[in-house]
Every structure is written in structure tokens, then in C-alpha cells.
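Student: Just so it is clear, I am handing over data-v2.txt, which has compact mmCIF, C-alpha atoms.
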# COMPACT_ATOMS: atom_id res chain seq x y z
CA MET T 1 -10.34 -139.61 139.95
CA LYS T 2 -9.81 -137.62 143.15
CA GLU T 3 -10.17 -134.37 141.22
CA VAL T 4 -13.50 -135.53 139.80
CA ILE T 5 -14.80 -136.59 143.22
CA ALA T 6 -13.90 -133.10 144.47
CA PHE T 7 -16.57 -131.78 142.11
CA TYR T 8 -19.26 -133.82 143.81
CA PRO T 9 -21.55 -130.83 144.56
CA ILE T 10 -22.11 -130.12 140.87
CA LEU T 11 -22.40 -133.82 140.13
CA ILE T 12 -25.22 -133.99 142.67
CA ASP T 13 -26.82 -130.89 141.14
CA GLY T 14 -26.54 -132.48 137.72
CA THR T 15 -28.05 -135.73 138.94
CA ILE T 16 -30.98 -133.84 140.47
CA THR T 17 -31.54 -131.90 137.25
CA THR T 18 -31.44 -135.12 135.23
CA ILE T 19 -33.97 -136.74 137.57
CA ILE T 20 -36.28 -133.69 137.50
CA LEU T 21 -36.06 -133.61 133.71
CA THR T 22 -36.79 -137.34 133.54
CA VAL T 23 -39.77 -137.23 135.92
CA LEU T 24 -41.41 -134.14 134.37
CA SER T 25 -41.00 -135.34 130.79
CA ALA T 26 -42.18 -138.82 131.76
CA ILE T 27 -45.39 -137.35 133.22
CA LEU T 28 -45.96 -135.26 130.08
CA ALA T 29 -45.14 -138.22 127.83
CA LEU T 30 -47.53 -140.48 129.73
CA ALA T 31 -50.37 -137.96 129.46
CA ILE T 32 -49.75 -137.49 125.72
CA SER T 33 -49.50 -141.27 125.23
CA PHE T 34 -53.00 -141.77 126.57
CA VAL T 35 -54.57 -138.80 124.78
CA VAL T 36 -53.01 -139.60 121.40
CA GLY T 37 -53.22 -143.38 121.81
CA LEU T 38 -56.94 -143.30 122.64
CA SER T 39 -57.54 -140.77 119.86
CA ARG T 40 -56.13 -143.33 117.43
CA ILE T 41 -59.13 -145.60 118.11
CA SER T 42 -61.70 -142.81 118.18
CA LYS T 43 -65.00 -143.10 116.32
CA PHE T 44 -64.36 -139.78 114.61
CA LYS T 45 -62.12 -139.83 111.59
CA ILE T 46 -60.85 -136.29 112.13
CA VAL T 47 -59.58 -137.21 115.62
CA ARG T 48 -57.85 -140.30 114.27
CA VAL T 49 -56.21 -138.32 111.46
CA LEU T 50 -54.99 -135.63 113.88
CA ALA T 51 -53.52 -138.32 116.14
CA ILE T 52 -51.71 -139.94 113.20
CA ILE T 53 -50.31 -136.57 112.14
CA TYR T 54 -49.04 -135.98 115.67
CA LEU T 55 -47.53 -139.46 115.85
CA GLU T 56 -45.76 -139.31 112.50
CA PHE T 57 -44.56 -135.77 113.07
CA PHE T 58 -42.91 -136.37 116.43
CA ARG T 59 -41.74 -139.88 115.68
CA GLY T 60 -40.50 -138.98 112.22
CA SER T 61 -38.34 -135.93 112.90
CA SER T 62 -35.36 -136.31 115.15
CA ALA T 63 -35.62 -135.47 118.87
CA LEU T 64 -32.59 -133.18 118.76
CA VAL T 65 -34.12 -131.23 115.87
CA GLN T 66 -37.37 -130.83 117.83
CA MET T 67 -35.47 -129.62 120.86
CA PHE T 68 -33.54 -127.02 118.88
CA PHE T 69 -36.70 -125.96 117.13
CA ILE T 70 -38.50 -125.32 120.42
CA TYR T 71 -35.54 -123.61 122.08
CA PHE T 72 -34.04 -121.59 119.22
CA VAL T 73 -36.72 -121.14 116.57
CA LEU T 74 -39.94 -120.58 118.55
CA PRO T 75 -38.51 -117.48 120.34
CA MET T 76 -38.39 -115.82 116.91
CA TRP T 77 -42.18 -115.94 116.96
CA GLY T 78 -42.22 -114.54 120.46
CA ILE T 79 -42.73 -117.93 122.17
CA TYR T 80 -40.10 -118.13 124.88
CA PHE T 81 -39.31 -121.14 127.01
CA ASP T 82 -36.48 -121.51 129.48
CA ALA T 83 -34.15 -124.38 128.66
CA LEU T 84 -35.66 -126.81 131.16
CA THR T 85 -39.23 -126.22 129.92
CA ALA T 86 -38.11 -126.54 126.31
CA GLY T 87 -36.37 -129.80 127.17
CA VAL T 88 -39.40 -131.20 129.00
CA ILE T 89 -41.73 -130.26 126.13
CA ALA T 90 -39.45 -131.73 123.45
CA ILE T 91 -38.74 -134.97 125.33
CA GLY T 92 -42.34 -135.34 126.49
CA CYS T 93 -43.81 -134.78 123.02
CA ASN T 94 -41.28 -137.11 121.40
CA LEU T 95 -41.68 -140.00 123.82
CA GLY T 96 -45.44 -139.34 123.98
CA ALA T 97 -45.60 -140.24 120.30
CA TYR T 98 -43.88 -143.58 120.90
CA GLY T 99 -45.99 -144.15 124.02
CA SER T 100 -49.25 -143.59 122.13
CA GLU T 101 -48.50 -146.72 120.10
CA VAL T 102 -48.11 -148.65 123.35
CA VAL T 103 -51.47 -147.41 124.63
CA ARG T 104 -53.17 -148.23 121.34
CA GLY T 105 -51.62 -151.69 121.28
CA GLY T 106 -52.58 -152.33 124.90
CA VAL T 107 -56.20 -151.28 124.40
CA LEU T 108 -56.51 -153.33 121.22
CA ALA T 109 -55.12 -156.34 123.07
CA VAL T 110 -58.14 -156.33 125.40
CA GLY T 111 -60.60 -158.91 124.14
CA LYS T 112 -63.64 -157.92 122.13
CA GLU T 113 -65.95 -159.63 124.60
CA GLN T 114 -64.87 -157.10 127.24
CA HIS T 115 -66.12 -154.27 125.04
CA GLU T 116 -69.36 -156.15 124.43
CA ALA T 117 -69.79 -156.95 128.10
CA SER T 118 -69.44 -153.31 129.10
CA LEU T 119 -71.89 -152.36 126.36
CA ALA T 120 -74.30 -154.93 127.76
CA LEU T 121 -73.94 -153.28 131.17
CA ASN T 122 -74.99 -150.05 129.51
CA TYR T 123 -71.74 -148.33 130.46
CA SER T 124 -71.05 -144.96 128.90
CA PRO T 125 -67.88 -144.82 126.74
CA TYR T 126 -66.07 -143.03 129.58
CA LYS T 127 -67.09 -145.66 132.14
CA ARG T 128 -66.29 -148.45 129.71
CA TYR T 129 -62.71 -147.29 129.26
CA ARG T 130 -62.22 -146.14 132.85
CA HIS T 131 -63.49 -149.29 134.57
CA VAL T 132 -63.22 -152.11 132.05
CA ILE T 133 -60.80 -151.57 129.17
CA ILE T 134 -57.93 -149.48 130.57
CA PRO T 135 -57.44 -151.47 133.80
CA GLN T 136 -56.98 -154.61 131.72
CA ALA T 137 -54.79 -152.88 129.14
CA ILE T 138 -52.33 -151.46 131.67
CA PRO T 139 -50.51 -154.73 132.56
CA VAL T 140 -49.84 -155.24 128.84
CA MET T 141 -48.46 -151.71 128.52
CA ILE T 142 -46.13 -151.64 131.53
CA PRO T 143 -43.09 -153.57 130.19
CA THR T 144 -42.96 -151.49 126.99
CA PHE T 145 -43.48 -148.30 128.97
CA GLY T 146 -40.50 -149.41 131.06
CA ASN T 147 -38.31 -149.66 127.95
CA LEU T 148 -39.49 -146.24 126.81
CA LEU T 149 -38.67 -144.79 130.23
CA ILE T 150 -35.04 -145.85 129.78
CA GLU T 151 -35.05 -144.30 126.30
CA LEU T 152 -36.42 -141.13 127.87
CA LEU T 153 -33.68 -141.03 130.50
CA LYS T 154 -31.07 -141.42 127.77
CA LEU T 155 -32.69 -138.65 125.76
CA THR T 156 -32.32 -136.22 128.69
CA ALA T 157 -28.54 -136.25 128.06
CA VAL T 158 -29.26 -134.63 124.71
CA ALA T 159 -30.92 -131.75 126.56
CA SER T 160 -27.45 -130.68 127.72
CA LEU T 161 -27.00 -129.38 124.16
CA ILE T 162 -29.67 -126.74 124.78
CA THR T 163 -27.74 -125.57 127.87
CA ILE T 164 -29.68 -127.52 130.53
CA SER T 165 -27.18 -128.17 133.32
CA ASP T 166 -27.82 -131.88 133.67
CA LEU T 167 -25.24 -134.61 134.33
CA THR T 168 -23.77 -134.51 130.84
CA PHE T 169 -23.42 -130.73 131.01
CA MET T 170 -21.68 -131.00 134.38
CA ALA T 171 -19.28 -133.61 133.02
CA HIS T 172 -18.23 -131.06 130.41
CA ILE T 173 -17.60 -128.47 133.08
CA ILE T 174 -15.45 -130.93 135.04
CA ARG T 175 -13.61 -131.89 131.87
CA VAL T 176 -12.76 -128.27 131.15
CA GLN T 177 -11.80 -127.54 134.76
CA THR T 178 -9.62 -130.58 135.39
CA ALA T 179 -8.39 -131.38 131.87
CA LEU T 180 -9.37 -134.97 132.62
CA THR T 181 -11.41 -136.74 129.97
CA LEU T 182 -12.06 -140.35 130.88
CA GLU T 183 -12.95 -139.89 134.55
CA PRO T 184 -15.79 -137.35 134.43
CA PHE T 185 -17.56 -139.15 131.60
CA LEU T 186 -17.03 -142.53 133.19
CA VAL T 187 -18.47 -141.27 136.48
CA ILE T 188 -21.63 -139.92 134.86
CA LEU T 189 -21.97 -143.05 132.75
CA VAL T 190 -22.08 -145.05 135.98
CA ILE T 191 -24.60 -142.59 137.50
CA TYR T 192 -26.83 -142.92 134.41
CA PHE T 193 -26.55 -146.70 134.67
CA ILE T 194 -27.55 -146.63 138.34
CA ILE T 195 -30.54 -144.35 137.69
CA ALA T 196 -31.61 -146.54 134.77
CA SER T 197 -31.25 -149.72 136.82
CA ILE T 198 -33.35 -148.24 139.62
CA LEU T 199 -36.02 -147.31 137.07
CA VAL T 200 -35.93 -150.86 135.63
CA LYS T 201 -36.39 -152.23 139.16
CA ILE T 202 -39.32 -149.89 139.90
CA VAL T 203 -41.03 -150.85 136.64
CA ASP T 204 -40.47 -154.54 137.50
CA ILE T 205 -42.14 -154.06 140.87
CA ILE T 206 -45.09 -152.21 139.32
CA ALA T 207 -45.43 -154.89 136.63
CA LYS T 208 -45.45 -157.62 139.26
CA LYS T 209 -48.06 -155.80 141.29
CA PHE T 210 -50.36 -155.48 138.29
CA SER T 211 -49.83 -159.01 137.06
CA ARG T 212 -50.51 -160.37 140.54
CA GLY T 213 -53.91 -158.69 140.51
CA ARG T 214 -54.46 -160.23 137.16
CA ASN T 215 -53.63 -163.73 138.29
CA ILE T 216 -56.18 -163.44 141.07
CA MET T 217 -58.76 -162.46 138.48
CA ILE T 218 -57.89 -165.44 136.32
CA ALA T 219 -57.96 -167.71 139.37
CA GLY T 220 -61.39 -166.33 140.22
CA GLU T 221 -62.64 -167.25 136.79
CA ASN T 222 -61.60 -170.82 137.25
CA MET E 1 -40.31 -113.64 111.68
CA TYR E 2 -41.44 -114.94 108.31
CA TRP E 3 -40.31 -117.74 106.10
CA SER E 4 -37.83 -116.59 103.46
CA TRP E 5 -37.35 -118.73 100.38
CA GLU E 6 -34.16 -116.86 99.65
CA VAL E 7 -32.58 -118.12 102.86
CA ALA E 8 -34.00 -121.58 102.26
CA PHE E 9 -32.38 -121.82 98.83
CA ASP E 10 -29.17 -120.31 100.15
CA VAL E 11 -28.81 -123.01 102.81
CA LEU E 12 -29.80 -125.93 100.58
CA PRO E 13 -26.36 -126.68 99.06
CA GLN E 14 -24.81 -126.98 102.53
CA LEU E 15 -27.67 -129.16 103.70
CA ALA E 16 -27.22 -131.38 100.66
CA LYS E 17 -23.61 -132.00 101.68
CA GLY E 18 -24.79 -132.77 105.20
CA VAL E 19 -27.37 -135.24 103.90
CA VAL E 20 -24.62 -137.26 102.23
CA VAL E 21 -22.76 -137.57 105.54
CA THR E 22 -25.99 -138.45 107.39
CA VAL E 23 -26.79 -141.22 104.90
CA GLN E 24 -23.22 -142.57 104.98
CA ALA E 25 -23.23 -142.62 108.78
CA THR E 26 -26.59 -144.41 108.85
CA ILE E 27 -25.51 -147.08 106.40
CA VAL E 28 -22.13 -147.83 107.97
CA ALA E 29 -23.48 -147.73 111.53
CA SER E 30 -26.38 -150.03 110.70
CA LEU E 31 -24.14 -152.58 108.97
CA LEU E 32 -21.93 -152.55 112.06
CA ALA E 33 -24.98 -152.90 114.32
CA TYR E 34 -26.27 -155.88 112.33
CA VAL E 35 -22.96 -157.77 112.21
CA LEU E 36 -22.10 -157.09 115.87
CA GLY E 37 -25.67 -157.79 116.95
CA LEU E 38 -25.66 -161.19 115.28
CA GLY E 39 -22.31 -161.95 116.93
CA ILE E 40 -23.62 -160.95 120.37
CA ALA E 41 -26.79 -162.99 119.87
CA ILE E 42 -24.80 -166.11 118.99
CA LEU E 43 -22.35 -165.58 121.86
CA LYS E 44 -25.26 -165.08 124.28
CA MET E 45 -26.35 -168.64 123.52
CA SER E 46 -22.94 -169.92 124.60
CA LYS E 47 -22.72 -172.75 127.11
CA SER E 48 -20.37 -170.79 129.36
CA LYS E 49 -22.41 -169.17 132.11
CA LEU E 50 -19.65 -166.67 132.88
CA LEU E 51 -19.57 -165.44 129.28
CA ARG E 52 -23.36 -165.08 129.25
CA ILE E 53 -23.36 -163.06 132.47
CA VAL E 54 -20.53 -160.79 131.30
CA LEU E 55 -22.27 -160.24 127.97
CA TYR E 56 -25.61 -159.56 129.64
CA TRP E 57 -24.25 -156.84 131.92
CA THR E 58 -22.05 -155.31 129.22
CA THR E 59 -24.95 -154.97 126.81
CA GLU E 60 -27.25 -153.72 129.58
CA PHE E 61 -24.65 -151.10 130.50
CA ILE E 62 -24.49 -149.90 126.91
CA ARG E 63 -28.30 -149.92 126.59
CA ARG E 64 -28.95 -148.04 129.81
CA THR E 65 -26.52 -145.16 129.22
CA PRO E 66 -26.94 -142.27 126.77
CA ILE E 67 -25.42 -142.46 123.30
CA LEU E 68 -24.31 -138.85 123.65
CA VAL E 69 -22.06 -139.62 126.64
CA GLN E 70 -20.70 -142.70 124.89
CA LEU E 71 -19.87 -140.50 121.91
CA TYR E 72 -18.01 -138.06 124.14
CA ILE E 73 -16.03 -140.85 125.76
CA VAL E 74 -14.86 -142.31 122.47
CA PHE E 75 -14.23 -138.92 120.92
CA TYR E 76 -12.39 -137.25 123.81
CA VAL E 77 -10.79 -140.18 125.59
CA LEU E 78 -9.30 -142.35 122.84
CA PRO E 79 -6.81 -139.65 121.72
CA ASP E 80 -5.42 -139.65 125.29
CA TYR E 81 -4.37 -143.22 124.69
CA GLY E 82 -2.82 -142.44 121.34
CA ILE E 83 -5.76 -143.71 119.30
CA PHE E 84 -6.80 -141.09 116.77
CA PHE E 85 -10.02 -141.59 114.89
CA GLU E 86 -11.83 -139.11 112.74
CA ALA E 87 -15.00 -137.77 114.33
CA PHE E 88 -17.05 -139.61 111.71
CA THR E 89 -15.40 -142.94 112.57
CA CYS E 90 -16.00 -142.38 116.29
CA GLY E 91 -19.63 -141.54 115.66
CA VAL E 92 -20.27 -144.57 113.46
CA LEU E 93 -18.51 -146.88 115.91
CA VAL E 94 -20.56 -145.68 118.87
CA LEU E 95 -23.88 -145.73 116.99
CA GLY E 96 -23.11 -149.19 115.63
CA ILE E 97 -22.08 -150.63 118.99
CA HIS E 98 -24.98 -149.00 120.84
CA PHE E 99 -27.60 -150.36 118.47
CA SER E 100 -25.94 -153.76 118.19
CA THR E 101 -27.22 -154.37 121.74
CA TYR E 102 -30.74 -153.78 120.39
CA THR E 103 -30.38 -155.78 117.19
CA ALA E 104 -28.89 -158.64 119.24
CA GLU E 105 -32.31 -159.00 120.90
CA VAL E 106 -33.97 -159.18 117.49
CA PHE E 107 -31.54 -161.85 116.34
CA ARG E 108 -31.92 -163.78 119.57
CA ALA E 109 -35.71 -163.77 119.30
CA GLY E 110 -35.50 -164.81 115.66
CA ILE E 111 -33.16 -167.69 116.44
CA ASP E 112 -35.27 -168.77 119.42
CA ASN E 113 -38.30 -168.95 117.15
CA VAL E 114 -36.72 -171.62 114.95
CA PRO E 115 -38.33 -174.87 116.14
CA LYS E 116 -36.13 -177.25 118.11
CA GLY E 117 -36.75 -179.99 115.57
CA GLN E 118 -34.72 -178.04 113.04
CA TRP E 119 -31.65 -178.23 115.27
CA GLU E 120 -32.16 -181.93 115.70
CA ALA E 121 -32.66 -182.40 111.96
CA ALA E 122 -29.36 -180.60 111.31
CA LYS E 123 -27.68 -182.87 113.81
CA SER E 124 -29.10 -185.98 112.17
CA LEU E 125 -27.75 -184.75 108.83
CA ASN E 126 -24.35 -184.73 110.53
CA TYR E 127 -23.93 -180.99 109.90
CA ASN E 128 -21.20 -179.26 111.82
CA GLN E 129 -21.81 -176.03 113.78
CA TYR E 130 -21.08 -173.80 110.79
CA GLU E 131 -23.24 -175.76 108.36
CA THR E 132 -26.09 -175.87 110.85
CA TRP E 133 -26.17 -172.09 111.16
CA LYS E 134 -25.63 -171.38 107.49
CA ASN E 135 -27.94 -173.97 105.92
CA VAL E 136 -30.65 -174.55 108.49
CA ILE E 137 -31.05 -171.95 111.23
CA LEU E 138 -30.27 -168.56 109.68
CA PRO E 139 -32.29 -169.04 106.45
CA GLN E 140 -35.38 -169.66 108.61
CA ALA E 141 -34.59 -167.14 111.30
CA ILE E 142 -33.76 -164.14 109.13
CA PRO E 143 -37.02 -163.35 107.21
CA PRO E 144 -39.12 -162.56 110.32
CA MET E 145 -36.27 -160.41 111.63
CA ILE E 146 -36.30 -158.09 108.63
CA PRO E 147 -39.12 -155.73 109.73
CA PRO E 148 -37.71 -155.03 113.23
CA LEU E 149 -34.22 -154.64 111.79
CA ALA E 150 -35.60 -152.16 109.26
CA ASN E 151 -37.18 -150.25 112.14
CA TYR E 152 -33.81 -149.98 113.87
CA LEU E 153 -32.36 -148.64 110.63
CA ILE E 154 -34.91 -145.81 110.79
CA THR E 155 -34.15 -145.25 114.48
CA MET E 156 -30.41 -145.02 113.80
CA PHE E 157 -31.10 -142.58 110.99
CA LYS E 158 -32.93 -140.34 113.46
CA GLU E 159 -30.09 -140.59 115.99
CA THR E 160 -27.42 -139.36 113.55
CA PRO E 161 -27.94 -135.67 114.52
CA LEU E 162 -26.20 -136.57 117.79
CA LEU E 163 -22.97 -136.90 115.82
CA ALA E 164 -23.10 -133.11 115.48
CA ALA E 165 -22.06 -132.93 119.14
CA ILE E 166 -18.69 -134.46 118.27
CA THR E 167 -18.13 -132.11 115.30
CA VAL E 168 -19.32 -134.39 112.49
CA VAL E 169 -20.78 -132.03 109.88
CA GLU E 170 -23.87 -134.02 109.06
CA LEU E 171 -27.24 -132.57 108.13
CA PHE E 172 -28.02 -131.10 111.54
CA ARG E 173 -24.63 -129.50 112.13
CA ALA E 174 -24.59 -128.13 108.60
CA ALA E 175 -27.86 -126.35 109.38
CA ASP E 176 -26.61 -125.21 112.78
CA GLN E 177 -23.42 -123.78 111.30
CA TYR E 178 -25.42 -121.83 108.75
CA SER E 179 -27.76 -120.57 111.50
CA ASN E 180 -24.92 -119.39 113.67
CA SER E 181 -23.11 -117.52 110.93
CA HIS E 182 -26.19 -115.93 109.34
CA TYR E 183 -28.47 -115.54 112.38
CA LYS E 184 -31.21 -117.33 110.48
CA TYR E 185 -32.70 -120.11 112.56
CA LEU E 186 -36.14 -120.77 111.13
CA GLU E 187 -35.37 -122.01 107.62
CA PRO E 188 -32.36 -124.28 108.21
CA MET E 189 -33.89 -126.05 111.23
CA THR E 190 -37.28 -126.42 109.54
CA LEU E 191 -35.68 -127.88 106.44
CA VAL E 192 -33.77 -130.40 108.54
CA GLY E 193 -37.00 -131.44 110.28
CA VAL E 194 -38.82 -131.69 106.95
CA PHE E 195 -36.01 -133.78 105.51
CA PHE E 196 -36.22 -136.24 108.39
CA LEU E 197 -39.99 -136.49 107.94
CA ILE E 198 -39.65 -137.00 104.17
CA VAL E 199 -37.31 -139.93 104.72
CA SER E 200 -38.69 -141.53 107.85
CA ILE E 201 -42.44 -141.49 107.14
CA PRO E 202 -42.26 -143.43 103.83
CA SER E 203 -39.71 -145.80 105.32
CA ALA E 204 -41.93 -146.38 108.35
CA ILE E 205 -44.81 -147.21 105.98
CA LEU E 206 -42.50 -149.53 104.05
CA ALA E 207 -41.45 -151.27 107.26
CA MET E 208 -45.12 -151.74 108.18
CA LYS E 209 -45.80 -153.30 104.75
CA LEU E 210 -42.83 -155.65 105.22
CA GLU E 211 -44.25 -156.67 108.57
CA LYS E 212 -47.64 -157.49 107.04
CA ARG E 213 -46.04 -159.44 104.23
CA PHE E 214 -43.96 -161.61 106.52
CA LYS E 215 -46.92 -162.22 108.77
CA GLN E 216 -49.02 -163.43 105.84
CA ARG E 217 -46.30 -165.81 104.77
CA LYS E 218 -46.33 -167.44 108.17
CA ILE E 219 -50.03 -168.30 107.87
Kindly return the structure encoded in the file as C-alpha cells.

Tutor:
Amino acid sequence: MKEVIAFYPILIDGTITTIILTVLSAILALAISFVVGLSRISKFKIVRVLAIIYLEFFRGSSALVQMFFIYFVLPMWGIYFDALTAGVIAIGCNLGAYGSEVVRGGVLAVGKEQHEASLALNYSPYKRYRHVIIPQAIPVMIPTFGNLLIELLKLTAVASLITISDLTFMAHIIRVQTALTLEPFLVILVIYFIIASILVKIVDIIAKKFSRGRNIMIAGEN
Amino acid sequence: MYWSWEVAFDVLPQLAKGVVVTVQATIVASLLAYVLGLGIAILKMSKSKLLRIVLYWTTEFIRRTPILVQLYIVFYVLPDYGIFFEAFTCGVLVLGIHFSTYTAEVFRAGIDNVPKGQWEAAKSLNYNQYETWKNVILPQAIPPMIPPLANYLITMFKETPLLAAITVVELFRAADQYSNSHYKYLEPMTLVGVFFLIVSIPSAILAMKLEKRFKQRKI
């Protein structure tokens, strides 16, 4: 164990890389979730079809395959990404597909009368979604988004296979350097668990904050 | 770089061998996940608070850490303790255990949804624990569980490429090996992606149909 602790600088580097990878891909995934999820309920058939194609494509083929495709195959067509960018794109696009279902489900869970009410107020579609529908859909989405965030964190370990020097990658280096097997992997497992538990806690706090606002609204109605 | 059918046909036999391993891994891992998951779900309803707490944190630990690292641990560490498993066995064990923590939630929800009166009815029939589960609870709990369990089957299928990292020559590694020895990356990787789409899209549609069917039955 001592030998592994001696490698703490690269463990910290790895943790930082894992966190950067998680945050950047989560932002990309969230943006894609909303774009694709809202496209699924568009008035225009072509938009809906495109969104379904995106969803089925990224949900249907494996994340590792997508990552390798972006990192190893796209350069053959002259599209180069460094490993970190390739990882962010692959993870973001993959989780974005799953997230789009959450957005769609959340928006559909908002009652019909809310749509009608905003129509009655003569809101434009943008205003209707921005001020009426989405704010009510978000509390429904948060718990599922929280689960997906943990899935996303776990997926970042796979990015070590395309040479991103994240925690998993660093554990390999320590394994080779010290000839220890259990310790390095056990240490990073615990680090992953701590990061995940912090994320769970943050999502809990956000969920509470949103649901509290909601309760006030319901109380106001009574 | 253009698509070459020659390369595509050249790599197909190797991919076909990989597909067999992928399918085997999926089936064995999912059976393990279902059996273990049911066991965990039943144990989680135990009266012992200590057991429940230990189970909760163990399953959360498994759920919140990457499968890839778990694979490495089982694959690299067990031999140090004199336990030698084939890479395939390691992979299936880890996949099965990892997803059993997910299926356990499905089982738990399914069991929770059986009305309390059913438990009382079983008691009044003087059924013992085993008979209660077998004749009353599980037959009612299982049908609504089938769609989510089918979804986890598809998820596990899509996670099998991770086994490549511990030297299991499944579909993905078969393609990767070909790529590395022939310097052809486009065709093998595309074919792998297409194969996953061909299997997972129809099965996702099937799972959706199952879901609709079981919902209708409820009404």
C-alpha cells in the first residue's frame, strides 16, 4: 500500500482528468439531451425522425465502439481529435441519447392544461417551453439525470482505453511500476466511489431545492 | 479512405467467431445477473437491519464504480491468490455481479408491487415461506418485471465489448486484432457498430412492445 501512496501525484492527476472528463461530457450530454429530447416532440416529422435516428444510433451501438470509431477511424478521413476531445464527444453523444429520453419523458409528464394555459396566454412556443413547461419538467428529470451522471462517470474509465490518462490509466501505470495488482485498483475503486457519492449528494441537494419550490407552488394553489 | 468490400468480407469470418463469444457472454452474464439479483432483492427484505445496511452499501459500491476497473481487479488480482479463471469466466462473473445490483432493484420493485393482502392470504392458507414465494408472490411479481429485465439484457449485450480489455476475444477484440494486424480500421469497426445496431434496435422495439402488452394486461 505504501508504494501505491508514493504515487499520489499521478493519482491526483488522474483524478483531475477523470473529473474534467466527467464535467465536460456531462455538459455536452445535457445539451444534447435537451436538443434531441425536445426534437422528439417537434411538430415537424423530419425533426422527429432525425432525433429518433440519433437516439437509436447512439443508444444502439456500444459506447466503446463509438469511442474507437471517433479516435481511430475518423482520422482516416482527416478528422483528428486528441484523446480527451474524442472521449468527451463519445461519452457526451452516448449519454446525450439516454438523456434525451429523460427530457422527453419529463416534458410529457407536464399536464396538458399547462400547455393550454400557456396557449391561452398567447405565449410563443419558445416562451411556452422556457417559462411554463421546462421549469415544471425539470424536477421530474433530476433523479434520472442523477443516475445517468453516475453511468457517465463510470463510462469515463473506458476512455482510458483510448489513451486518456485518467484514474484507470494511472492505476495501470502504478501496476506496471510496482508489480502490485490489488492495491492500485482498490485505491482507484475507492476514489471512483467517493466521486460518485459526492455526485449523488449534489444531485440530492439540487433535487431537494427544486422540489421545495414545487411544494410552495402546490401550497399556493391550496 | 474509402470503404472496401474486400476487407469487409475478409474480416467477416473472424467477426463471426467473435459474435459467438459475445452472445455466450451476454447469455451467461444475464442469467447470473437475474439469479443473483433475485437473491439480493430477497435478502434486502430481511428483518436484520445489519444485513440490510451491509447489502445496501455493498451494492451501492458495485453500482458506483466502473465495470472496467472491476474487470481488472478480478482478472489481475485473483491469480495472485492462486485462483485462476479464464478471461471469459472473469468477464462473465463481473458483468453478472455488476448488473445483479441493477436487476435487484427491478425485483424489489416488482415484489413491493404485490399487494399486502396477497401476503396475508398466503399466511391464512398456512403456506410456509417457500410456498408463499413460489405459489403466491413470484407468479404475480414476475410478469411486470419482464420488460425492464429485457432492457438490462440489451444493456449487458452492449457492455460486452469491455471484456476485450481483459483479453476476451469477443466481437470487438476480434475486429481490433484484425485492424492492428492489417492497418485497416474503417471496415472492422464499422461492421462491429452495425452488428450492435442490428441486434439492439429490434430488441429495443421488442422490449417496448412487451412493455405495452404488460401494461394493457394490468388495465

Student: For atom CA of Ala150 of chain E and atom CA of Tyr54 of chain T, determine how far apart the two atoms are, in Å to one decimal place.

Tutor: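 Interatomic distance here is 22.0 Å.
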
Student: Please provide the set of residues having any atom within 12 Å of Pro143 of chain E, restricted to only C-alpha atoms, with same-chain residues fewer than 5 positions apart removed, written as number ranges by chain.

Tutor: E: 106-107, 110-111, 113-114, 137-138, 148-150, 210-211, 213-215, 217-218

Student: For Ile89 of chain T, please output as a PyMOL selection string all residues within 9 Å (counting only C-alpha atoms; exclusion window: fewer than 6 positions along the same chain).

Tutor: chain T and resi 25+28-29+67+70

Student: Select residues of chain T: the criterion is any atom within 9 Å of an atom of chain E, counting all atoms listed in the file; output as a VMD selection string.

Tutor: chain T and resid 56 to 66 68 to 69 72 to 74 76 to 77 150 to 151 153 to 158 161 168 180 to 182 185 to 186 188 to 197

Student: What is the distance between atom CA of Lys17 of chain E and atom CA of Ser179 of chain E, in Å to one decimal?

Tutor: 15.6 Å

Student: I'd like the neighbourhood of Ser100 of chain E as an MDAnalysis selection string, where a residue qualifies if any of its atoms comes within 7 Å (using all atoms listed in the file), though same-chain residues fewer than 3 positions away should be ignored.

Tutor: chainID E and resid 33:34 36:37 96:97 103:104

Student: Please, what distance in Å, to one decimal, runs between atom CA of Tyr102 of chain E and atom CA of Arg52 of chain E?

Tutor: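 These two atoms are separated by 16.1 Å.
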
Student: Which of these residues is nearest to Ile32 of chain T, using all atoms listed in the file: T:Ala120, T:Val103, T:Ala159, T:Ile198?

Tutor: T:Val103

Student: From the coordinates supplied, segment 135-139 of chain E should be written with all heavy atoms, as an mmCIF file, in the first residue's frame.

Tutor:
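And here's result_38.cif as it stands now:
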data_model
loop_
_atom_site.group_PDB
_atom_site.id
_atom_site.type_symbol
_atom_site.label_atom_id
_atom_site.label_comp_id
_atom_site.auth_asym_id
_atom_site.auth_seq_id
_atom_site.Cartn_x
_atom_site.Cartn_y
_atom_site.Cartn_z
ATOM 1 N N ASN E 135 -45.728 -19.925 -4.853
ATOM 2 C CA ASN E 135 -47.095 -20.034 -5.358
ATOM 3 C C ASN E 135 -47.855 -18.711 -5.414
ATOM 4 O O ASN E 135 -48.793 -18.578 -6.180
ATOM 5 C CB ASN E 135 -47.898 -21.016 -4.488
ATOM 6 C CG ASN E 135 -47.317 -22.413 -4.552
ATOM 7 O OD1 ASN E 135 -46.624 -22.759 -5.521
ATOM 8 N ND2 ASN E 135 -47.569 -23.208 -3.528
ATOM 9 N N VAL E 136 -47.452 -17.758 -4.571
ATOM 10 C CA VAL E 136 -48.262 -16.544 -4.499
ATOM 11 C C VAL E 136 -47.508 -15.309 -5.003
ATOM 12 O O VAL E 136 -47.957 -14.625 -5.922
ATOM 13 C CB VAL E 136 -48.733 -16.292 -3.042
ATOM 14 C CG1 VAL E 136 -49.601 -15.038 -2.981
ATOM 15 C CG2 VAL E 136 -49.489 -17.499 -2.532
ATOM 16 N N ILE E 137 -46.343 -15.036 -4.431
ATOM 17 C CA ILE E 137 -45.698 -13.751 -4.700
ATOM 18 C C ILE E 137 -45.040 -13.719 -6.082
ATOM 19 O O ILE E 137 -45.384 -12.873 -6.918
ATOM 20 C CB ILE E 137 -44.657 -13.426 -3.604
ATOM 21 C CG1 ILE E 137 -45.302 -13.486 -2.223
ATOM 22 C CG2 ILE E 137 -44.035 -12.068 -3.842
ATOM 23 C CD1 ILE E 137 -46.519 -12.597 -2.050
ATOM 24 N N LEU E 138 -44.128 -14.646 -6.348
ATOM 25 C CA LEU E 138 -43.375 -14.568 -7.603
ATOM 26 C C LEU E 138 -44.261 -14.648 -8.856
ATOM 27 O O LEU E 138 -44.049 -13.876 -9.795
ATOM 28 C CB LEU E 138 -42.273 -15.636 -7.637
ATOM 29 C CG LEU E 138 -41.107 -15.360 -6.669
ATOM 30 C CD1 LEU E 138 -40.031 -16.427 -6.809
ATOM 31 C CD2 LEU E 138 -40.510 -13.986 -6.912
ATOM 32 N N PRO E 139 -45.271 -15.545 -8.902
ATOM 33 C CA PRO E 139 -46.097 -15.583 -10.119
ATOM 34 C C PRO E 139 -46.762 -14.241 -10.425
ATOM 35 O O PRO E 139 -47.027 -13.921 -11.577
ATOM 36 C CB PRO E 139 -47.152 -16.645 -9.796
ATOM 37 C CG PRO E 139 -46.528 -17.506 -8.767
ATOM 38 C CD PRO E 139 -45.660 -16.608 -7.949
#
